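For reference, input.cif (mmCIF, N, CA and C atoms):
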data_start
#
loop_
_atom_site.label_atom_id
_atom_site.label_comp_id
_atom_site.auth_asym_id
_atom_site.auth_seq_id
_atom_site.Cartn_x
_atom_site.Cartn_y
_atom_site.Cartn_z
N TYR W 1 5.82 10.61 10.25
CA TYR W 1 6.86 10.04 9.39
C TYR W 1 6.63 10.42 7.94
N TYR W 2 5.38 10.36 7.46
CA TYR W 2 5.09 10.64 6.06
C TYR W 2 4.69 12.10 5.83
N GLY W 3 4.62 12.94 6.88
CA GLY W 3 4.34 14.35 6.69
C GLY W 3 2.87 14.72 6.66
N PHE W 4 2.00 13.92 7.25
CA PHE W 4 0.60 14.30 7.34
C PHE W 4 0.07 13.94 8.73
N LYS W 5 -1.02 14.58 9.10
CA LYS W 5 -1.65 14.29 10.37
C LYS W 5 -2.85 13.39 10.13
N TYR W 6 -3.23 12.65 11.12
CA TYR W 6 -4.34 11.71 10.97
C TYR W 6 -5.44 12.04 11.97
N ARG W 7 -6.64 11.66 11.59
CA ARG W 7 -7.80 11.80 12.46
C ARG W 7 -8.64 10.57 12.24
N PHE W 8 -8.85 9.80 13.30
CA PHE W 8 -9.57 8.55 13.18
C PHE W 8 -11.08 8.78 13.19
N CYS W 9 -11.78 7.98 12.41
CA CYS W 9 -13.24 8.01 12.37
C CYS W 9 -13.74 6.60 12.68
N ASN W 10 -14.99 6.52 13.01
CA ASN W 10 -15.59 5.22 13.28
C ASN W 10 -15.82 4.45 11.99
N ALA W 11 -15.63 3.15 12.05
CA ALA W 11 -15.86 2.29 10.89
C ALA W 11 -17.35 2.29 10.54
N ARG W 12 -17.64 2.19 9.25
CA ARG W 12 -19.02 2.13 8.75
C ARG W 12 -19.86 3.35 9.14
N ARG W 13 -19.22 4.51 9.23
CA ARG W 13 -19.92 5.76 9.52
C ARG W 13 -19.57 6.77 8.43
N GLY W 14 -20.24 6.62 7.28
CA GLY W 14 -19.96 7.47 6.14
C GLY W 14 -20.20 8.95 6.41
N ASN W 15 -21.11 9.27 7.32
CA ASN W 15 -21.40 10.66 7.63
C ASN W 15 -20.22 11.35 8.32
N GLU W 16 -19.28 10.60 8.88
CA GLU W 16 -18.12 11.19 9.55
C GLU W 16 -16.98 11.49 8.58
N LYS W 17 -17.05 10.95 7.41
CA LYS W 17 -15.99 11.16 6.41
C LYS W 17 -16.60 11.40 5.03
N GLY W 18 -17.41 12.42 4.97
CA GLY W 18 -18.16 12.69 3.75
C GLY W 18 -17.32 12.98 2.53
N HIS W 19 -16.18 13.67 2.72
CA HIS W 19 -15.34 13.98 1.56
C HIS W 19 -14.80 12.70 0.91
N VAL W 20 -14.55 11.68 1.70
CA VAL W 20 -14.09 10.40 1.15
C VAL W 20 -15.24 9.70 0.45
N GLU W 21 -16.37 9.65 1.12
CA GLU W 21 -17.54 8.99 0.55
C GLU W 21 -17.96 9.67 -0.76
N ARG W 22 -17.89 10.98 -0.80
CA ARG W 22 -18.26 11.72 -2.01
C ARG W 22 -17.31 11.39 -3.16
N SER W 23 -16.03 11.28 -2.86
CA SER W 23 -15.04 10.94 -3.89
C SER W 23 -15.29 9.54 -4.44
N VAL W 24 -15.59 8.61 -3.56
CA VAL W 24 -15.87 7.23 -3.99
C VAL W 24 -17.13 7.21 -4.85
N GLU W 25 -18.15 7.94 -4.42
CA GLU W 25 -19.40 7.99 -5.16
C GLU W 25 -19.19 8.60 -6.55
N TYR W 26 -18.36 9.64 -6.64
CA TYR W 26 -18.07 10.29 -7.91
C TYR W 26 -17.40 9.30 -8.88
N VAL W 27 -16.39 8.60 -8.40
CA VAL W 27 -15.69 7.63 -9.26
C VAL W 27 -16.63 6.50 -9.67
N ARG W 28 -17.42 6.02 -8.72
CA ARG W 28 -18.36 4.93 -9.03
C ARG W 28 -19.35 5.38 -10.10
N ARG W 29 -19.85 6.60 -9.97
CA ARG W 29 -20.84 7.11 -10.93
C ARG W 29 -20.21 7.35 -12.30
N LYS W 30 -19.02 7.93 -12.34
CA LYS W 30 -18.38 8.27 -13.62
C LYS W 30 -17.79 7.05 -14.33
N VAL W 31 -17.28 6.11 -13.57
CA VAL W 31 -16.56 4.98 -14.18
C VAL W 31 -17.45 3.76 -14.36
N PHE W 32 -18.11 3.34 -13.31
CA PHE W 32 -18.82 2.07 -13.36
C PHE W 32 -20.27 2.19 -13.82
N SER W 33 -20.69 3.39 -14.24
CA SER W 33 -22.03 3.50 -14.82
C SER W 33 -22.02 3.01 -16.27
N LYS W 34 -20.85 2.99 -16.89
CA LYS W 34 -20.71 2.55 -18.28
C LYS W 34 -20.60 1.03 -18.39
N LYS W 35 -19.89 0.45 -17.43
CA LYS W 35 -19.65 -0.99 -17.45
C LYS W 35 -19.52 -1.46 -16.01
N ASP W 36 -20.26 -2.50 -15.65
CA ASP W 36 -20.22 -2.94 -14.25
C ASP W 36 -20.06 -4.44 -14.06
N SER W 37 -19.74 -5.17 -15.11
CA SER W 37 -19.47 -6.59 -14.94
C SER W 37 -18.17 -6.94 -15.67
N PHE W 38 -17.36 -7.77 -15.01
CA PHE W 38 -16.03 -8.11 -15.51
C PHE W 38 -15.77 -9.59 -15.27
N GLU W 39 -14.92 -10.16 -16.09
CA GLU W 39 -14.55 -11.57 -15.96
C GLU W 39 -13.72 -11.81 -14.70
N THR W 40 -12.73 -10.93 -14.46
CA THR W 40 -11.83 -11.10 -13.32
C THR W 40 -11.64 -9.77 -12.63
N LEU W 41 -11.10 -9.83 -11.42
CA LEU W 41 -10.77 -8.62 -10.68
C LEU W 41 -9.70 -7.81 -11.41
N GLU W 42 -8.76 -8.50 -12.05
CA GLU W 42 -7.70 -7.82 -12.80
C GLU W 42 -8.30 -7.01 -13.94
N ASP W 43 -9.31 -7.57 -14.63
CA ASP W 43 -9.99 -6.84 -15.71
C ASP W 43 -10.66 -5.58 -15.17
N ALA W 44 -11.31 -5.69 -14.03
CA ALA W 44 -11.97 -4.54 -13.41
C ALA W 44 -10.95 -3.48 -13.03
N ASN W 45 -9.81 -3.90 -12.48
CA ASN W 45 -8.77 -2.94 -12.11
C ASN W 45 -8.17 -2.25 -13.32
N LYS W 46 -7.95 -3.00 -14.40
CA LYS W 46 -7.44 -2.39 -15.65
C LYS W 46 -8.43 -1.37 -16.20
N TYR W 47 -9.69 -1.73 -16.19
CA TYR W 47 -10.74 -0.83 -16.67
C TYR W 47 -10.79 0.44 -15.81
N LEU W 48 -10.74 0.28 -14.50
CA LEU W 48 -10.76 1.42 -13.59
C LEU W 48 -9.56 2.32 -13.83
N GLU W 49 -8.39 1.75 -13.98
CA GLU W 49 -7.17 2.54 -14.20
C GLU W 49 -7.27 3.34 -15.50
N GLU W 50 -7.74 2.72 -16.57
CA GLU W 50 -7.88 3.41 -17.85
C GLU W 50 -8.91 4.54 -17.77
N GLU W 51 -10.04 4.27 -17.13
CA GLU W 51 -11.07 5.30 -17.01
C GLU W 51 -10.61 6.46 -16.13
N LEU W 52 -9.87 6.16 -15.08
CA LEU W 52 -9.33 7.23 -14.23
C LEU W 52 -8.30 8.06 -14.99
N ARG W 53 -7.51 7.41 -15.82
CA ARG W 53 -6.55 8.14 -16.65
C ARG W 53 -7.29 9.12 -17.57
N LYS W 54 -8.40 8.68 -18.15
CA LYS W 54 -9.21 9.56 -19.01
C LYS W 54 -9.80 10.71 -18.21
N LEU W 55 -10.36 10.40 -17.03
CA LEU W 55 -10.96 11.44 -16.19
C LEU W 55 -9.93 12.48 -15.77
N ASN W 56 -8.75 12.04 -15.40
CA ASN W 56 -7.72 12.97 -14.93
C ASN W 56 -7.09 13.77 -16.05
N SER W 57 -7.28 13.36 -17.30
CA SER W 57 -6.75 14.10 -18.45
C SER W 57 -7.76 15.07 -19.03
N LYS W 58 -8.98 15.03 -18.54
CA LYS W 58 -10.05 15.87 -19.07
C LYS W 58 -9.90 17.32 -18.58
N PRO W 59 -9.93 18.31 -19.49
CA PRO W 59 -9.83 19.72 -19.07
C PRO W 59 -11.03 20.12 -18.20
N GLN W 60 -10.75 20.93 -17.19
CA GLN W 60 -11.79 21.40 -16.27
C GLN W 60 -12.03 22.88 -16.55
N LYS W 61 -13.23 23.20 -17.02
CA LYS W 61 -13.49 24.57 -17.46
C LYS W 61 -13.40 25.58 -16.33
N TYR W 62 -13.64 25.16 -15.09
CA TYR W 62 -13.56 26.09 -13.96
C TYR W 62 -12.14 26.22 -13.41
N ASN W 63 -11.21 25.49 -13.96
CA ASN W 63 -9.81 25.55 -13.53
C ASN W 63 -8.89 25.89 -14.70
N GLU W 64 -9.21 26.97 -15.39
CA GLU W 64 -8.39 27.47 -16.51
C GLU W 64 -8.22 26.43 -17.62
N ASN W 65 -9.18 25.55 -17.79
CA ASN W 65 -9.13 24.47 -18.78
C ASN W 65 -7.92 23.55 -18.61
N LYS W 66 -7.42 23.45 -17.40
CA LYS W 66 -6.33 22.53 -17.11
C LYS W 66 -6.92 21.24 -16.55
N SER W 67 -6.24 20.16 -16.82
CA SER W 67 -6.70 18.86 -16.29
C SER W 67 -6.07 18.62 -14.92
N ALA W 68 -6.61 17.66 -14.21
CA ALA W 68 -6.04 17.28 -12.91
C ALA W 68 -4.60 16.79 -13.09
N LYS W 69 -4.33 16.13 -14.20
CA LYS W 69 -2.97 15.65 -14.48
C LYS W 69 -2.01 16.82 -14.64
N GLU W 70 -2.44 17.88 -15.32
CA GLU W 70 -1.59 19.06 -15.49
C GLU W 70 -1.33 19.76 -14.16
N PHE W 71 -2.35 19.85 -13.31
CA PHE W 71 -2.16 20.43 -11.99
C PHE W 71 -1.16 19.63 -11.17
N LEU W 72 -1.25 18.31 -11.24
CA LEU W 72 -0.32 17.46 -10.51
C LEU W 72 1.11 17.67 -11.01
N GLU W 73 1.29 17.75 -12.31
CA GLU W 73 2.63 17.94 -12.87
C GLU W 73 3.22 19.28 -12.42
N GLU W 74 2.37 20.30 -12.26
CA GLU W 74 2.85 21.60 -11.76
C GLU W 74 3.27 21.51 -10.30
N GLU W 75 2.55 20.71 -9.53
CA GLU W 75 2.81 20.62 -8.09
C GLU W 75 3.94 19.67 -7.73
N LEU W 76 4.23 18.69 -8.57
CA LEU W 76 5.24 17.67 -8.24
C LEU W 76 6.58 18.24 -7.78
N PRO W 77 7.12 19.28 -8.44
CA PRO W 77 8.42 19.80 -7.98
C PRO W 77 8.37 20.40 -6.57
N HIS W 78 7.18 20.75 -6.08
CA HIS W 78 7.05 21.40 -4.78
C HIS W 78 6.71 20.44 -3.66
N LEU W 79 6.46 19.18 -3.98
CA LEU W 79 6.12 18.19 -2.96
C LEU W 79 7.36 17.75 -2.20
N ILE W 80 7.17 17.34 -0.95
CA ILE W 80 8.31 16.84 -0.20
C ILE W 80 8.73 15.50 -0.78
N LYS W 81 10.01 15.20 -0.64
CA LYS W 81 10.52 13.94 -1.19
C LYS W 81 9.90 12.76 -0.46
N LEU W 82 9.66 11.72 -1.21
CA LEU W 82 9.07 10.51 -0.66
C LEU W 82 10.09 9.83 0.25
N VAL W 83 9.68 9.56 1.48
CA VAL W 83 10.56 8.89 2.42
C VAL W 83 10.47 7.39 2.19
N PRO W 84 11.47 6.65 2.64
CA PRO W 84 11.39 5.19 2.47
C PRO W 84 10.18 4.62 3.21
N SER W 85 9.76 3.47 2.77
CA SER W 85 8.62 2.81 3.41
C SER W 85 8.91 2.59 4.89
N TYR W 86 7.94 2.88 5.71
CA TYR W 86 8.08 2.69 7.15
C TYR W 86 7.98 1.20 7.44
N ASP W 87 9.06 0.64 7.93
CA ASP W 87 9.15 -0.80 8.12
C ASP W 87 8.55 -1.18 9.47
N ILE W 88 7.39 -1.80 9.43
CA ILE W 88 6.72 -2.20 10.66
C ILE W 88 6.94 -3.69 10.87
N SER W 89 8.00 -3.98 11.59
CA SER W 89 8.30 -5.39 11.87
C SER W 89 8.97 -5.46 13.24
N ARG W 90 8.99 -6.65 13.78
CA ARG W 90 9.72 -6.91 15.01
C ARG W 90 10.98 -7.64 14.60
N VAL W 91 12.13 -7.15 15.03
CA VAL W 91 13.41 -7.74 14.65
C VAL W 91 13.99 -8.49 15.84
N VAL W 92 14.31 -9.76 15.62
CA VAL W 92 14.91 -10.58 16.68
C VAL W 92 16.12 -11.33 16.12
N GLU W 93 17.07 -11.56 17.00
CA GLU W 93 18.24 -12.35 16.63
C GLU W 93 18.08 -13.74 17.24
N LEU W 94 18.25 -14.76 16.43
CA LEU W 94 18.00 -16.13 16.87
C LEU W 94 19.18 -17.03 16.48
N ARG W 95 19.40 -18.05 17.30
CA ARG W 95 20.42 -19.04 16.95
C ARG W 95 19.71 -20.23 16.30
N VAL W 96 20.29 -20.71 15.20
CA VAL W 96 19.74 -21.89 14.51
C VAL W 96 20.16 -23.13 15.30
N ASN W 97 19.19 -23.96 15.65
CA ASN W 97 19.51 -25.14 16.47
C ASN W 97 20.08 -26.28 15.61
N LYS W 98 20.40 -27.38 16.28
CA LYS W 98 21.06 -28.50 15.58
C LYS W 98 20.17 -29.18 14.55
N TYR W 99 18.86 -28.90 14.58
CA TYR W 99 17.93 -29.46 13.61
C TYR W 99 17.69 -28.51 12.43
N SER W 100 18.47 -27.43 12.37
CA SER W 100 18.34 -26.42 11.32
C SER W 100 16.98 -25.72 11.39
N VAL W 101 16.59 -25.35 12.61
CA VAL W 101 15.28 -24.76 12.86
C VAL W 101 15.46 -23.55 13.78
N ILE W 102 14.63 -22.54 13.58
CA ILE W 102 14.56 -21.42 14.51
C ILE W 102 13.17 -21.41 15.14
N ASN W 103 13.07 -20.94 16.36
CA ASN W 103 11.79 -20.87 17.08
C ASN W 103 11.36 -19.42 17.20
N ILE W 104 10.15 -19.15 16.74
CA ILE W 104 9.56 -17.82 16.89
C ILE W 104 8.18 -18.02 17.49
N GLU W 105 8.02 -17.54 18.72
CA GLU W 105 6.74 -17.64 19.43
C GLU W 105 6.19 -19.07 19.41
N GLU W 106 7.00 -20.01 19.80
CA GLU W 106 6.63 -21.42 19.89
C GLU W 106 6.40 -22.09 18.54
N ASN W 107 6.62 -21.38 17.45
CA ASN W 107 6.51 -21.97 16.11
C ASN W 107 7.91 -22.24 15.59
N LYS W 108 8.06 -23.32 14.86
CA LYS W 108 9.36 -23.71 14.34
C LYS W 108 9.42 -23.46 12.84
N TYR W 109 10.54 -22.88 12.41
CA TYR W 109 10.73 -22.57 11.00
C TYR W 109 12.06 -23.14 10.54
N SER W 110 12.03 -23.85 9.42
CA SER W 110 13.22 -24.47 8.89
C SER W 110 14.06 -23.44 8.13
N VAL W 111 15.38 -23.54 8.29
CA VAL W 111 16.33 -22.69 7.56
C VAL W 111 17.39 -23.60 6.95
N PRO W 112 18.23 -23.10 6.06
CA PRO W 112 19.25 -23.97 5.44
C PRO W 112 20.19 -24.60 6.47
N ASP W 113 20.61 -25.84 6.17
CA ASP W 113 21.50 -26.60 7.06
C ASP W 113 22.82 -25.87 7.33
N SER W 114 23.27 -25.08 6.39
CA SER W 114 24.55 -24.40 6.54
C SER W 114 24.54 -23.38 7.68
N LEU W 115 23.36 -23.07 8.21
CA LEU W 115 23.26 -22.06 9.27
C LEU W 115 23.20 -22.67 10.67
N VAL W 116 23.33 -23.97 10.80
CA VAL W 116 23.26 -24.63 12.11
C VAL W 116 24.32 -24.02 13.04
N GLY W 117 23.87 -23.61 14.22
CA GLY W 117 24.77 -23.03 15.22
C GLY W 117 25.06 -21.56 15.03
N LYS W 118 24.61 -20.97 13.94
CA LYS W 118 24.88 -19.56 13.67
C LYS W 118 23.68 -18.71 14.07
N PHE W 119 23.95 -17.42 14.21
CA PHE W 119 22.88 -16.49 14.53
C PHE W 119 22.29 -15.92 13.24
N VAL W 120 20.98 -15.78 13.23
CA VAL W 120 20.27 -15.16 12.10
C VAL W 120 19.40 -14.04 12.66
N THR W 121 19.04 -13.12 11.79
CA THR W 121 18.14 -12.03 12.16
C THR W 121 16.81 -12.28 11.49
N ALA W 122 15.74 -12.26 12.28
CA ALA W 122 14.40 -12.47 11.73
C ALA W 122 13.62 -11.17 11.84
N LYS W 123 13.02 -10.76 10.72
CA LYS W 123 12.11 -9.60 10.71
C LYS W 123 10.71 -10.18 10.64
N ILE W 124 9.95 -9.97 11.70
CA ILE W 124 8.63 -10.59 11.83
C ILE W 124 7.57 -9.56 11.50
N TYR W 125 6.86 -9.80 10.41
CA TYR W 125 5.77 -8.95 9.95
C TYR W 125 4.44 -9.64 10.28
N PRO W 126 3.33 -8.93 10.19
CA PRO W 126 2.04 -9.58 10.46
C PRO W 126 1.74 -10.74 9.52
N ASN W 127 2.22 -10.67 8.26
CA ASN W 127 1.87 -11.70 7.26
C ASN W 127 3.01 -12.60 6.84
N ASN W 128 4.25 -12.26 7.19
CA ASN W 128 5.36 -13.12 6.79
C ASN W 128 6.56 -12.88 7.69
N ILE W 129 7.56 -13.72 7.54
CA ILE W 129 8.79 -13.63 8.31
C ILE W 129 9.95 -13.69 7.33
N LEU W 130 10.87 -12.74 7.44
CA LEU W 130 12.07 -12.73 6.61
C LEU W 130 13.26 -13.04 7.50
N VAL W 131 14.10 -13.99 7.07
CA VAL W 131 15.25 -14.39 7.86
C VAL W 131 16.52 -14.03 7.09
N TYR W 132 17.43 -13.34 7.78
CA TYR W 132 18.68 -12.87 7.17
C TYR W 132 19.87 -13.46 7.91
N HIS W 133 20.92 -13.76 7.16
CA HIS W 133 22.20 -14.14 7.74
C HIS W 133 23.27 -13.37 6.97
N GLU W 134 24.06 -12.59 7.71
CA GLU W 134 25.09 -11.73 7.10
C GLU W 134 24.50 -10.87 5.99
N ASN W 135 23.36 -10.26 6.28
CA ASN W 135 22.63 -9.35 5.39
C ASN W 135 22.14 -10.00 4.09
N LYS W 136 22.07 -11.31 4.04
CA LYS W 136 21.50 -12.03 2.89
C LYS W 136 20.19 -12.66 3.33
N LEU W 137 19.17 -12.53 2.49
CA LEU W 137 17.86 -13.09 2.79
C LEU W 137 17.89 -14.59 2.66
#
For the file at hand, write its structure as structure tokens.
Amino acid sequence: YYGFKYRFCNARRGNEKGHVERSVEYVRRKVFSKKDSFETLEDANKYLEEELRKLNSKPQKYNENKSAKEFLEEELPHLIKLVPSYDISRVVELRVNKYSVINIEENKYSVPDSLVGKFVTAKIYPNNILVYHENKL
């Protein structure tokens, strides 16, 4: 769907995915060797983003003194267009009962009273459920 092939590796086996482990180690060494304690996770993420921006803007002498950012800008017009997010959900049509409730896998969920007796569409995701009536959430 997204235009790439996958190859699964075993969890916690860094030797099976060395190119990933090496990239993580490089970023950890270049970014977090300067500063390694933060008040919040958001502060750490902001710091990481800023440091990565600096790293990606740095000229690389072995690559015609171009930065990674410049290489990306050259390649962007040649990349395939981004497809919409792959929606991984189970879609079911349900009737709202007289108590203004829908049943999903033995669990009851309240919906607005105005939907009593009407059909709704539920998109069931691993972490949440979205309920639509006449294409309105």
request  = Return as a ChimeraX atom specification the set of residues that the PyMOL selection byres ((chain W and resi 124) around 5) yields on the displayed structure.
outcome  = /W:89-91,122-123,125-126,129
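The spacing separating atom N of W:Val116 from atom CA of W:Val96 amounts to 5.6 Å.
Counting from atom C of W:Asp43, the distance to atom CA of W:Arg29 is 16.8 Å.
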ask   = Got a sec: who's within 9 Å of W:Val111, counting only C-alpha atoms, leaving out chain neighbours fewer than 4 positions off, as a PyMOL selection string?
value = chain W and resi 96+100-102+115-116+131
Residues as selected, N, CA and C atoms, written as a PDB file, keeping the file's coordinate frame, can you do that?
ATOM      1  N   VAL W  96      20.290 -20.710  15.200  1.00  0.00           N
ATOM      2  CA  VAL W  96      19.740 -21.890  14.510  1.00  0.00           C
ATOM      3  C   VAL W  96      20.160 -23.130  15.300  1.00  0.00           C
ATOM      4  N   SER W 100      18.470 -27.430  12.370  1.00  0.00           N
ATOM      5  CA  SER W 100      18.340 -26.420  11.320  1.00  0.00           C
ATOM      6  C   SER W 100      16.980 -25.720  11.390  1.00  0.00           C
ATOM      7  N   VAL W 101      16.590 -25.350  12.610  1.00  0.00           N
ATOM      8  CA  VAL W 101      15.280 -24.760  12.860  1.00  0.00           C
ATOM      9  C   VAL W 101      15.460 -23.550  13.780  1.00  0.00           C
ATOM     10  N   ILE W 102      14.630 -22.540  13.580  1.00  0.00           N
ATOM     11  CA  ILE W 102      14.560 -21.420  14.510  1.00  0.00           C
ATOM     12  C   ILE W 102      13.170 -21.410  15.140  1.00  0.00           C
ATOM     13  N   LEU W 115      23.360 -23.070   8.210  1.00  0.00           N
ATOM     14  CA  LEU W 115      23.260 -22.060   9.270  1.00  0.00           C
ATOM     15  C   LEU W 115      23.200 -22.670  10.670  1.00  0.00           C
ATOM     16  N   VAL W 116      23.330 -23.970  10.800  1.00  0.00           N
ATOM     17  CA  VAL W 116      23.260 -24.630  12.110  1.00  0.00           C
ATOM     18  C   VAL W 116      24.320 -24.020  13.040  1.00  0.00           C
ATOM     19  N   VAL W 131      14.100 -13.990   7.070  1.00  0.00           N
ATOM     20  CA  VAL W 131      15.250 -14.390   7.860  1.00  0.00           C
ATOM     21  C   VAL W 131      16.520 -14.030   7.090  1.00  0.00           C
TER      22      VAL W 131
END
Give as a PDB file with N, CA and C atoms, in the coordinates of the input the residues that the PyMOL selection byres (((chain W and resi 49-51 and name CA) around 12) and name CA) matches when applied to the coordinates above.
ATOM      1  N   VAL W  27     -16.390   8.600  -8.400  1.00  0.00           N
ATOM      2  CA  VAL W  27     -15.690   7.630  -9.260  1.00  0.00           C
ATOM      3  C   VAL W  27     -16.630   6.500  -9.670  1.00  0.00           C
ATOM      4  N   ARG W  28     -17.420   6.020  -8.720  1.00  0.00           N
ATOM      5  CA  ARG W  28     -18.360   4.930  -9.030  1.00  0.00           C
ATOM      6  C   ARG W  28     -19.350   5.380 -10.100  1.00  0.00           C
ATOM      7  N   ARG W  29     -19.850   6.600  -9.970  1.00  0.00           N
ATOM      8  CA  ARG W  29     -20.840   7.110 -10.930  1.00  0.00           C
ATOM      9  C   ARG W  29     -20.210   7.350 -12.300  1.00  0.00           C
ATOM     10  N   LYS W  30     -19.020   7.930 -12.340  1.00  0.00           N
ATOM     11  CA  LYS W  30     -18.380   8.270 -13.620  1.00  0.00           C
ATOM     12  C   LYS W  30     -17.790   7.050 -14.330  1.00  0.00           C
ATOM     13  N   VAL W  31     -17.280   6.110 -13.570  1.00  0.00           N
ATOM     14  CA  VAL W  31     -16.560   4.980 -14.180  1.00  0.00           C
ATOM     15  C   VAL W  31     -17.450   3.760 -14.360  1.00  0.00           C
ATOM     16  N   PHE W  32     -18.110   3.340 -13.310  1.00  0.00           N
ATOM     17  CA  PHE W  32     -18.820   2.070 -13.360  1.00  0.00           C
ATOM     18  C   PHE W  32     -20.270   2.190 -13.820  1.00  0.00           C
ATOM     19  N   SER W  33     -20.690   3.390 -14.240  1.00  0.00           N
ATOM     20  CA  SER W  33     -22.030   3.500 -14.820  1.00  0.00           C
ATOM     21  C   SER W  33     -22.020   3.010 -16.270  1.00  0.00           C
ATOM     22  N   LYS W  34     -20.850   2.990 -16.890  1.00  0.00           N
ATOM     23  CA  LYS W  34     -20.710   2.550 -18.280  1.00  0.00           C
ATOM     24  C   LYS W  34     -20.600   1.030 -18.390  1.00  0.00           C
ATOM     25  N   LYS W  35     -19.890   0.450 -17.430  1.00  0.00           N
ATOM     26  CA  LYS W  35     -19.650  -0.990 -17.450  1.00  0.00           C
ATOM     27  C   LYS W  35     -19.520  -1.460 -16.010  1.00  0.00           C
ATOM     28  N   GLU W  42      -8.760  -8.500 -12.050  1.00  0.00           N
ATOM     29  CA  GLU W  42      -7.700  -7.820 -12.800  1.00  0.00           C
ATOM     30  C   GLU W  42      -8.300  -7.010 -13.940  1.00  0.00           C
ATOM     31  N   ASP W  43      -9.310  -7.570 -14.630  1.00  0.00           N
ATOM     32  CA  ASP W  43      -9.990  -6.840 -15.710  1.00  0.00           C
ATOM     33  C   ASP W  43     -10.660  -5.580 -15.170  1.00  0.00           C
ATOM     34  N   ALA W  44     -11.310  -5.690 -14.030  1.00  0.00           N
ATOM     35  CA  ALA W  44     -11.970  -4.540 -13.410  1.00  0.00           C
ATOM     36  C   ALA W  44     -10.950  -3.480 -13.030  1.00  0.00           C
ATOM     37  N   ASN W  45      -9.810  -3.900 -12.480  1.00  0.00           N
ATOM     38  CA  ASN W  45      -8.770  -2.940 -12.110  1.00  0.00           C
ATOM     39  C   ASN W  45      -8.170  -2.250 -13.320  1.00  0.00           C
ATOM     40  N   LYS W  46      -7.950  -3.000 -14.400  1.00  0.00           N
ATOM     41  CA  LYS W  46      -7.440  -2.390 -15.650  1.00  0.00           C
ATOM     42  C   LYS W  46      -8.430  -1.370 -16.200  1.00  0.00           C
ATOM     43  N   TYR W  47      -9.690  -1.730 -16.190  1.00  0.00           N
ATOM     44  CA  TYR W  47     -10.740  -0.830 -16.670  1.00  0.00           C
ATOM     45  C   TYR W  47     -10.790   0.440 -15.810  1.00  0.00           C
ATOM     46  N   LEU W  48     -10.740   0.280 -14.500  1.00  0.00           N
ATOM     47  CA  LEU W  48     -10.760   1.420 -13.590  1.00  0.00           C
ATOM     48  C   LEU W  48      -9.560   2.320 -13.830  1.00  0.00           C
ATOM     49  N   LEU W  52      -9.870   6.160 -15.080  1.00  0.00           N
ATOM     50  CA  LEU W  52      -9.330   7.230 -14.230  1.00  0.00           C
ATOM     51  C   LEU W  52      -8.300   8.060 -14.990  1.00  0.00           C
ATOM     52  N   ARG W  53      -7.510   7.410 -15.820  1.00  0.00           N
ATOM     53  CA  ARG W  53      -6.550   8.140 -16.650  1.00  0.00           C
ATOM     54  C   ARG W  53      -7.290   9.120 -17.570  1.00  0.00           C
ATOM     55  N   LYS W  54      -8.400   8.680 -18.150  1.00  0.00           N
ATOM     56  CA  LYS W  54      -9.210   9.560 -19.010  1.00  0.00           C
ATOM     57  C   LYS W  54      -9.800  10.710 -18.210  1.00  0.00           C
ATOM     58  N   LEU W  55     -10.360  10.400 -17.030  1.00  0.00           N
ATOM     59  CA  LEU W  55     -10.960  11.440 -16.190  1.00  0.00           C
ATOM     60  C   LEU W  55      -9.930  12.480 -15.770  1.00  0.00           C
ATOM     61  N   ASN W  56      -8.750  12.040 -15.400  1.00  0.00           N
ATOM     62  CA  ASN W  56      -7.720  12.970 -14.930  1.00  0.00           C
ATOM     63  C   ASN W  56      -7.090  13.770 -16.050  1.00  0.00           C
ATOM     64  N   SER W  57      -7.280  13.360 -17.300  1.00  0.00           N
ATOM     65  CA  SER W  57      -6.750  14.100 -18.450  1.00  0.00           C
ATOM     66  C   SER W  57      -7.760  15.070 -19.030  1.00  0.00           C
ATOM     67  N   LYS W  58      -8.980  15.030 -18.540  1.00  0.00           N
ATOM     68  CA  LYS W  58     -10.050  15.870 -19.070  1.00  0.00           C
ATOM     69  C   LYS W  58      -9.900  17.320 -18.580  1.00  0.00           C
TER      70      LYS W  58
END
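Taking atom C of W:Asn97 as the reference point, atom CA of W:Asn128 is found at 21.6 Å.
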key: Backbone-only DSSP, strand (DSSP E) members of chain W, as a PyMOL selection string   = chain W and resi 90-95+101-104+107-110+119-124+129-132
Find the axis-aligned box for stretch 29-47 of chain W, covering all its listed atoms and adding 3 Å on each side, and write its centre and edge lengths in Å to one decimal as AutoDock Vina command-line options.
--center_x -14.7 --center_y -1.8 --center_z -14.2 --size_x 20.6 --size_y 26.1 --size_z 14.4
request  = Pull the neighbourhood of (16.7, -12.2, 14.6) for me: all residues within 6 Å in file coordinates, counting only C-alpha atoms, as a list in words.
outcome  = Val91, Val92, Glu93, Leu94, Val120, Thr121 and Ala122 of chain W
request  = Go through stretch 61-109 of chain W and collect every residue that DSSP, computed from the backbone, puts in alpha helix (DSSP H); the answer should be as an MDAnalysis selection string.
outcome  = chainID W and resid 68:75
